[in-house]
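Shown next, in structure tokens, is the structure this report addresses.
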Amino acid sequence: MRKVLLYIFALFLLAWSNNVQATQFVASPKGRVVVIDAGHGGAARPGAVVNNIMEKDINLKVSLLVAEQLKKKMPELKVILTRSSDTALHASKYEDNLQRPKIANSNDADLFVSIHSNWFSDPNTTGAEIIVLSLNEKTQGHTKKRTTVSADNEDYIHIDDIDKTSLAYIEALSMLMNNDPINRTFGEIVSSKFRSLGRRCRGIKEYPDKVWTVLYPLRMPGVIIEIGFMSNPAELNYISSASGQQAIASAISDAIVEYFTRLEQMTVHE
């Protein structure tokens with residue numbers, strides 16, 4: 001039985017420490033499960049497209065490398081991919097997103113990692129970032145009712161479009177109370193691994209008006225990792241190259257190894 005509440009506070013404190021290092025090969029965790037989600041996929045969901053380079057392809061290649069590396073670094077960790085090829089999980093883009101956390105929930109996962117590539121109108125913007133779910137009432141600012149632009153074209157729904165009395169919202173809020181400190185702890189670990197590559201990392205980001213559909217239904221800790229900006233030519237070259245993808249995957253897999261190593265140290269097993 002996983003005693004999540006027993007180690008949340010300890011994990012949060014450990015995030016501030018720099019003296020805990022992940023080993024290359026560690027004692028395997030006890031029945032742990034991680035779900036690696038390659039964002040987008042299929043003909044209708046390419047994600048960002050720049051110079052005929054598609055986000056979905058970058059996401060998939062990095063995800064496959066992360067899974068491959070984890071099997072070597074932490075052999076008894078169960079690694080599940082939401083997709084292992086260029087396929088969609090549902091004809092509807094919105095439902096396709098929802099299938100991803102559903103896979104994690106149905107497999108009783110301990111961690112969900114969704115891998116994406118970013119895009120912004122300013123081509124000078126660079127850096128990886130780790131997105132966490134926000135349902136913070138203090139930052140939501142319900143000053144104006146928004147209407148979601150077609151759920152089939154968005155990876156998120158606006159916070160103002162969610163029924164705050166719904167069971168789904170109440171459950172998500174309850175889950176987030178437990179998971180948010182762990183999400184941020186894992187995010188800090190990922191950030192440190194990216195910076196160790198000499199790459200810029202924008203750190204942990206939350207977007208209070210956006211409720212990400214791959215994070216909202218999760219019953220376990222989970223984040224979105226934006227590995228870099230396709231809108232920046234140099235960064236696009238890096239994240240689309242074989243060497244860049246290997247380095248990025250190594251940083252992410254090392255972060256997952258460190259996370260589960262800490263988790264195992266703080267877990268009481270029956």
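Each chain in the structure tokens gets a letter, A, B and so on, in the order shown; residues start at 1 in every chain, and ligands are counted from 1 in the order they appear.
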
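For stretch 55-62 of chain A, the non-local neighbours within 7 Å, defined as residues at least 5 positions apart in the same chain or in other chains and counting only C-alpha atoms, are Ala38, Gly39, His40, Gly41, Pro46, Gly47, Ala48, Val49, Ile115, His116, Ser117, Ser240, Gln245 and Ala249 of chain A.
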
*Using only C-alpha atoms, determine which residues lie at most 9 Å from A:Asn105, disregarding the query and same-chain residues fewer than 2 positions distant; provide the list as a ChimeraX atom specification.*
/A:100-103,107-109,217-220

**Asked** Quick one: of A:Ala104, A:Met230, A:Val214, A:Val34, who's nearest to A:Asn52, counting only C-alpha atoms?
**Response**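 Going through A:Ala104, A:Met230, A:Val214, A:Val34 one by one, the smallest distance to A:Asn52 is for A:Met230.
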
- Would you mind telling me which residue in A:Ile224, A:Lys210, A:Gly31, A:Trp119 lies nearest to A:Glu76 when using only C-alpha atoms?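 Counting only C-alpha atoms, the residue closest to A:Glu76 is A:Gly31.
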
* Asked: Where in stretch 83-268 of chain A does DSSP assign alpha helix (DSSP H), given as a ChimeraX atom specification?
  -> /A:93-106,137-140,167-196,233-239,242-266

Of A:Thr213, A:Thr261, A:Ser253, A:Asn118, the one nearest to A:Val50 when counting only C-alpha atoms is A:Asn118

Atom CA of A:Asp160 to atom CA of A:Asp209 measures 7.5 Å

For A:Ala251: contacts at 10 Å, only C-alpha atoms, fewer than 6 positions along chain excluded, given as a PDB file with N, CA and C atoms, in the first residue's frame:
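Saved the output as result.pdb:
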```pdb
ATOM      1  N   VAL A  66      13.191   8.003 -23.657  1.00  0.00           N
ATOM      2  CA  VAL A  66      13.026   8.015 -22.205  1.00  0.00           C
ATOM      3  C   VAL A  66      12.661   6.617 -21.710  1.00  0.00           C
ATOM      4  N   ILE A 189      13.294  18.835  -9.905  1.00  0.00           N
ATOM      5  CA  ILE A 189      14.292  17.841 -10.284  1.00  0.00           C
ATOM      6  C   ILE A 189      14.540  17.899 -11.789  1.00  0.00           C
ATOM      7  N   VAL A 190      13.450  17.948 -12.566  1.00  0.00           N
ATOM      8  CA  VAL A 190      13.580  18.028 -14.024  1.00  0.00           C
ATOM      9  C   VAL A 190      14.349  19.288 -14.416  1.00  0.00           C
ATOM     10  N   SER A 191      14.009  20.407 -13.793  1.00  0.00           N
ATOM     11  CA  SER A 191      14.678  21.677 -14.104  1.00  0.00           C
ATOM     12  C   SER A 191      16.179  21.573 -13.885  1.00  0.00           C
ATOM     13  N   SER A 192      16.575  20.956 -12.758  1.00  0.00           N
ATOM     14  CA  SER A 192      18.004  20.846 -12.457  1.00  0.00           C
ATOM     15  C   SER A 192      18.716  19.967 -13.482  1.00  0.00           C
ATOM     16  N   LYS A 193      18.029  18.935 -13.970  1.00  0.00           N
ATOM     17  CA  LYS A 193      18.646  18.053 -14.968  1.00  0.00           C
ATOM     18  C   LYS A 193      18.835  18.774 -16.301  1.00  0.00           C
ATOM     19  N   PHE A 194      17.855  19.586 -16.697  1.00  0.00           N
ATOM     20  CA  PHE A 194      18.002  20.348 -17.931  1.00  0.00           C
ATOM     21  C   PHE A 194      19.147  21.361 -17.807  1.00  0.00           C
ATOM     22  N   ARG A 195      19.217  22.019 -16.659  1.00  0.00           N
ATOM     23  CA  ARG A 195      20.277  23.012 -16.475  1.00  0.00           C
ATOM     24  C   ARG A 195      21.649  22.360 -16.441  1.00  0.00           C
ATOM     25  N   SER A 196      21.712  21.113 -15.997  1.00  0.00           N
ATOM     26  CA  SER A 196      22.997  20.410 -15.972  1.00  0.00           C
ATOM     27  C   SER A 196      23.512  20.142 -17.388  1.00  0.00           C
ATOM     28  N   LEU A 197      22.610  20.216 -18.361  1.00  0.00           N
ATOM     29  CA  LEU A 197      23.016  20.075 -19.768  1.00  0.00           C
ATOM     30  C   LEU A 197      23.549  21.391 -20.328  1.00  0.00           C
ATOM     31  N   GLN A 245      17.959  15.015 -28.820  1.00  0.00           N
ATOM     32  CA  GLN A 245      16.902  14.172 -28.259  1.00  0.00           C
ATOM     33  C   GLN A 245      17.454  13.161 -27.252  1.00  0.00           C
ATOM     34  N   VAL A 257      14.330   8.768 -12.391  1.00  0.00           N
ATOM     35  CA  VAL A 257      15.083   7.877 -11.505  1.00  0.00           C
ATOM     36  C   VAL A 257      15.278   8.534 -10.134  1.00  0.00           C
TER      37      VAL A 257
END
```

Exercise: stretch 132-135 of chain A partners within 9 Å, only C-alpha atoms, chain neighbours under 5 positions left out, as number ranges by chain: A: 140, 159, 172-173, 176, 180, 183-184, 187, 204-212, 215-216, 222-224

Min atom-atom distance to A:Thr82 from the set A:Leu70, A:Ala255, A:Leu64, A:Leu263, counting only C-alpha atoms, belongs to A:Leu64

message = My list of candidates is A:Leu111, A:Ile182, A:Tyr94, A:Pro233. Which is closest to A:Arg32 when distances are computed with only C-alpha atoms?
response =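 Once distances to A:Arg32 are computed over only C-alpha atoms, the minimum belongs to A:Leu111.
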